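Engineer: Please find one structure pasted underneath; my questions will follow.
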Amino acid sequence: MSSHPLNLYELNLADLTEFLTGLGEPAYRAKQIWQWLYRQYTPDFATMSNLPQPLRDKLDANATLDIGPIIAEQLSNDNQTKKVLFQLADGQQIETVLMRYEKRRTLCISTQAGCAMGCIFCATGQMGFFRHLNSGEIVAQVIHFARELAAEGEHVTNVVLMGMGEPLHNYENTMTAVDRLTDPTGFNLGARKITISTVGLVPAIRRYADEKRQTPLAVSLHAATDAERDKLIPVNRKWPIADIIEACRYYVAKTGRRITFEWALIAHENDTPEQAQALGRLLQGMLCHVNLIPLNPTQKYGGQPSSRARVNAFQQGLARYGVSSTVRVRRGIDIQAGCGQLKATVQK
Ligand code: SAH
Ligand code: SF4
């Protein structure tokens with residue numbers, strides 16, 4: 001790892017200052033570079049026009065701003081969704097997706113190369129775990145698209161941690177990256193605009209609650225009975241539904257925030273009246289909302305998305321318990337915009 005040059009997006013302002021003083025530079029240079037990094041999204045040191053040339057050369061020799069080359073890219077037919085596959089310094093590949101919807105410019109970013117949780121319907125879970133991303137690799141995905149959008153006079157409005165990987169399995173680096181993106185002296189994205197999505201790592205949910213973080217939390221439930229969830233999500237054996245719901249109630253009590261539950265509707269699997277009823281009972285009276293997303297089919301899982309009629313019936317089943325839900329459209333379906341799907345396609 002140490003053979004790779006330091007990516008400056010791994011540093012907060014204090015670290016950057018230390019790095020520059022280590023290079024024999026005055027501290028104020030760090031502030032100048034910080035502006036280039038988080039306000040201009042400058043792609044290289046050469047264009048940092050207020051730095052003396054010898055410093056730019058020194059930075060070139062010792063550091064980088066580059067997350068790595070894009071090795072595959074796909075644009076949806078309607079041009080609204082764009083997915084890129086980055087190759088990182090050590091050869092690992094990760095996906096980032098830009099979704100344009102009305103005035104929103106939402107990025108779906110990765111927190112790990114692969115994922116250790118093994119959800120059977122998920123393309124990332126199917127490939128297994130390679131490694132955690134460091135905070136710079138998480139932040140740099142956002143900066144890449146911020147730069148691209150800025151060229152069109154636009155900016156990133158929302159970030160969802162729903163790309164490859166389980167954010168709470170890589171807790172420290174993920175929260176460091178989130179803190180960097182919300183830093184008012186830097187990128188300054190509102191914390192409410194960054195959604196953390198988790199498969200349900202119970203101790204990490206409690207820690208997240210204790211830290212009273214402002215970033216919204218989404219929990220990927222996908223089943224309301226352990227018998228069903230065990231089939232889809234292996235880690236459910238370690239932290240079953242009752243424990244997850246208890247941790248979610250703890251989160252709501254601690255923070256006063258609404259929690260979102262994600263539910264990928266799989267035809268005749270988890271879209272039955274029994275599952276709707278079980279979910280309604282589970283969530284009744286809780287400050288929460290359910291996102292229903294018809295399954296994105298993947299290569300190694302035979303499940304199919306639920307029909308419109310079954311989606312509607314499921315939603316009505318929840319409404320009987322006073323549980324609110326929204327049916328999400330699968331955007332970018334023609335470009336395998338589900339997490340892990342571009343890498344899986346490229347490797348095939
Ligand atoms: N590991 C985290 C975040 C990344 S996955 C988590 O599981 O929440 C982001 C979301 O995509 C999760 O809700 C996940 O369950 C969902 N997902 C994964 N594969 C999918 C598929 N094939 N179709 C629909 N949703 C899927
Ligand atoms: Fe990992 Fe989330 Fe995919 Fe499950 S759904 S394998 S937790 S990325």
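Chain labels run A, B, ... following the order of the structure tokens; each chain numbers its residues from 1, and ligands are numbered from 1 in the order shown.
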Write out as a list in words each polymer residue (protein, DNA or RNA) that has an atom no more than 6 Å from ligand 1, with only C-alpha atoms and all ligand atoms counted.
Structural biologist: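 With only C-alpha atoms and all ligand atoms and a cut-off of 6 Å, ligand 1 is contacted by Phe121, Cys122, Leu161, Met162, Gly163, Met164, Gly165, Glu166, Ser197, Thr198, Val199, Val219, Ser220, Glu262, Ala264, Leu295, Asn296, Pro297, Thr298, Gly338 and Cys339 of chain A.
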Engineer: If we count only C-alpha atoms, what is near A:Val178 at a cut-off of 9 Å, once residues fewer than 2 positions away on the same chain are taken out, given as a list in words?
Structural biologist: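 Non-adjacent residues within range: Ser135, Ile138, Val139, Asn173, Thr174, Met175, Thr176, Arg180, Leu181, Thr182, Asp183, Ala191, Ile194 and Thr215 of chain A.
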Engineer: Hey, what does DSSP flag as strand (DSSP E) within stretch 3-130 of chain A? Can you give it to me as a PyMOL selection string?
Structural biologist: chain A and resi 6-7+63-64+70-75+81-87+93-101+104-108+112-114+129-130
Engineer: Any chance you could list, as a ChimeraX atom specification, the residues in stretch 22-232 of chain A that come up alpha helix (DSSP H) when DSSP is run on the backbone?
Structural biologist: /A:22,28-35,53-62,123-127,135-150,171-182,202-210,226-232
Engineer: Near A:Asp210, within 10 Å and counting only C-alpha atoms, which residues show up once chain neighbours fewer than 5 positions away are dropped, as a count of residues only?
Structural biologist: 6
Engineer: For each of A:Ile120, A:Leu282, A:Ala177, A:Ala150, take the minimum atom-to-atom distance to A:Asp230, counting only C-alpha atoms, then give the residue where this is smallest.
Structural biologist: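 Closest residue, counting only C-alpha atoms: A:Ile120.
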Engineer: Which residues are close to stretch 24-30 of chain A, i.e. within 12 Å by only C-alpha atoms, leaving aside same-chain residues fewer than 6 positions away? Reply as a VMD selection string.
Structural biologist: chain A and resid 8 11 to 18 36 to 38 48 50 to 52 54 to 56 58 to 59
Engineer: Identify, on the basis of only C-alpha atoms, every residue whose closest approach to A:Asn270 does not exceed 10 Å; exclude the query and any residue fewer than 5 positions from it along the same chain; express the result as a list in words.
Structural biologist: His222, Ala223, Ala224, Thr225, Glu228, Arg229, Leu232, Trp263, Ala264, Leu265, Gln275, Ala276, Ser306 and Phe314 of chain A
Engineer: Take the selection from the previous step and output its residues with all heavy atoms, as a short mmCIF file (atom, residue, chain, number, x, y, z; two decimals), in the first residue's frame.
Structural biologist:
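part.cif written:
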```cif
data_model
loop_
_atom_site.label_atom_id
_atom_site.label_comp_id
_atom_site.auth_asym_id
_atom_site.auth_seq_id
_atom_site.Cartn_x
_atom_site.Cartn_y
_atom_site.Cartn_z
N HIS A 222 -35.91 -6.41 3.85
CA HIS A 222 -36.22 -7.38 2.78
C HIS A 222 -37.01 -8.61 3.20
O HIS A 222 -37.43 -9.39 2.34
CB HIS A 222 -34.97 -7.84 2.04
CG HIS A 222 -34.13 -6.74 1.47
ND1 HIS A 222 -34.67 -5.72 0.72
CD2 HIS A 222 -32.80 -6.48 1.54
CE1 HIS A 222 -33.70 -4.89 0.35
NE2 HIS A 222 -32.56 -5.33 0.83
N ALA A 223 -37.18 -8.81 4.49
CA ALA A 223 -38.00 -9.93 4.96
C ALA A 223 -38.40 -9.64 6.39
O ALA A 223 -37.66 -9.00 7.13
CB ALA A 223 -37.23 -11.25 4.88
N ALA A 224 -39.57 -10.14 6.79
CA ALA A 224 -40.10 -9.82 8.11
C ALA A 224 -40.14 -11.03 9.04
O ALA A 224 -40.56 -10.93 10.19
CB ALA A 224 -41.49 -9.20 7.98
N THR A 225 -39.70 -12.17 8.53
CA THR A 225 -39.56 -13.36 9.38
C THR A 225 -38.13 -13.87 9.23
O THR A 225 -37.53 -13.75 8.15
CB THR A 225 -40.53 -14.48 8.95
OG1 THR A 225 -40.26 -14.82 7.59
CG2 THR A 225 -41.99 -14.06 9.10
N GLU A 228 -37.53 -16.41 6.41
CA GLU A 228 -37.39 -15.83 5.07
C GLU A 228 -36.08 -15.04 4.94
O GLU A 228 -35.36 -15.16 3.95
CB GLU A 228 -38.60 -14.93 4.78
CG GLU A 228 -38.58 -14.21 3.44
CD GLU A 228 -38.58 -15.14 2.24
OE1 GLU A 228 -39.03 -16.30 2.36
OE2 GLU A 228 -38.09 -14.72 1.16
N ARG A 229 -35.75 -14.27 5.97
CA ARG A 229 -34.57 -13.40 5.87
C ARG A 229 -33.28 -14.22 5.88
O ARG A 229 -32.30 -13.86 5.22
CB ARG A 229 -34.58 -12.36 7.00
CG ARG A 229 -33.69 -11.15 6.69
CD ARG A 229 -33.97 -9.97 7.63
NE ARG A 229 -33.26 -8.76 7.19
CZ ARG A 229 -32.06 -8.41 7.61
NH1 ARG A 229 -31.42 -9.15 8.49
NH2 ARG A 229 -31.49 -7.31 7.15
N LEU A 232 -32.28 -15.09 2.40
CA LEU A 232 -31.82 -14.02 1.51
C LEU A 232 -30.53 -13.37 1.99
O LEU A 232 -29.70 -12.94 1.19
CB LEU A 232 -32.90 -12.93 1.41
CG LEU A 232 -34.28 -13.35 0.87
CD1 LEU A 232 -35.27 -12.19 1.02
CD2 LEU A 232 -34.17 -13.78 -0.59
N TRP A 263 -36.79 -2.48 1.00
CA TRP A 263 -37.41 -3.78 0.73
C TRP A 263 -37.39 -4.03 -0.77
O TRP A 263 -38.15 -3.38 -1.52
CB TRP A 263 -38.84 -3.79 1.28
CG TRP A 263 -39.47 -5.14 1.38
CD1 TRP A 263 -39.98 -5.89 0.36
CD2 TRP A 263 -39.70 -5.90 2.58
NE1 TRP A 263 -40.50 -7.06 0.85
CE2 TRP A 263 -40.34 -7.09 2.21
CE3 TRP A 263 -39.41 -5.68 3.94
CZ2 TRP A 263 -40.71 -8.07 3.14
CZ3 TRP A 263 -39.78 -6.65 4.85
CH2 TRP A 263 -40.42 -7.83 4.46
N ALA A 264 -36.52 -4.91 -1.24
CA ALA A 264 -36.49 -5.28 -2.65
C ALA A 264 -37.55 -6.35 -2.87
O ALA A 264 -37.44 -7.45 -2.33
CB ALA A 264 -35.10 -5.81 -3.03
N LEU A 265 -38.55 -6.03 -3.63
CA LEU A 265 -39.67 -6.96 -3.81
C LEU A 265 -39.33 -8.04 -4.83
O LEU A 265 -39.05 -7.76 -6.00
CB LEU A 265 -40.92 -6.20 -4.25
CG LEU A 265 -41.65 -5.49 -3.10
CD1 LEU A 265 -42.55 -4.39 -3.63
CD2 LEU A 265 -42.46 -6.49 -2.26
N GLN A 275 -45.93 -11.88 4.30
CA GLN A 275 -44.78 -11.02 4.60
C GLN A 275 -45.25 -9.57 4.85
O GLN A 275 -44.73 -8.91 5.75
CB GLN A 275 -43.76 -11.05 3.46
CG GLN A 275 -42.89 -12.31 3.45
CD GLN A 275 -41.93 -12.38 4.63
OE1 GLN A 275 -41.31 -11.39 5.02
NE2 GLN A 275 -41.81 -13.56 5.23
N ALA A 276 -46.21 -9.12 4.06
CA ALA A 276 -46.73 -7.76 4.27
C ALA A 276 -47.32 -7.63 5.67
O ALA A 276 -47.08 -6.65 6.38
CB ALA A 276 -47.77 -7.42 3.20
N SER A 306 -41.24 -8.21 -8.55
CA SER A 306 -42.69 -8.38 -8.39
C SER A 306 -43.43 -7.59 -9.44
O SER A 306 -42.97 -6.53 -9.88
CB SER A 306 -43.11 -7.88 -7.00
OG SER A 306 -42.38 -8.57 -6.01
N PHE A 314 -48.91 -5.44 -1.80
CA PHE A 314 -47.99 -5.40 -0.67
C PHE A 314 -48.10 -4.06 0.05
O PHE A 314 -48.21 -4.00 1.28
CB PHE A 314 -46.55 -5.64 -1.16
CG PHE A 314 -45.59 -5.95 -0.05
CD1 PHE A 314 -45.39 -7.26 0.37
CD2 PHE A 314 -44.86 -4.94 0.58
CE1 PHE A 314 -44.49 -7.56 1.39
CE2 PHE A 314 -43.97 -5.23 1.60
CZ PHE A 314 -43.79 -6.54 2.01
#
```
Engineer: Tell me which protein, DNA and RNA residues are within 7 Å of A:Gln214, counting only C-alpha atoms, leaving out same-chain ones fewer than 2 positions away, and put them as a list in words.
Structural biologist: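 Those residues are Ala191, Arg192, Lys212 and Pro216 of chain A.
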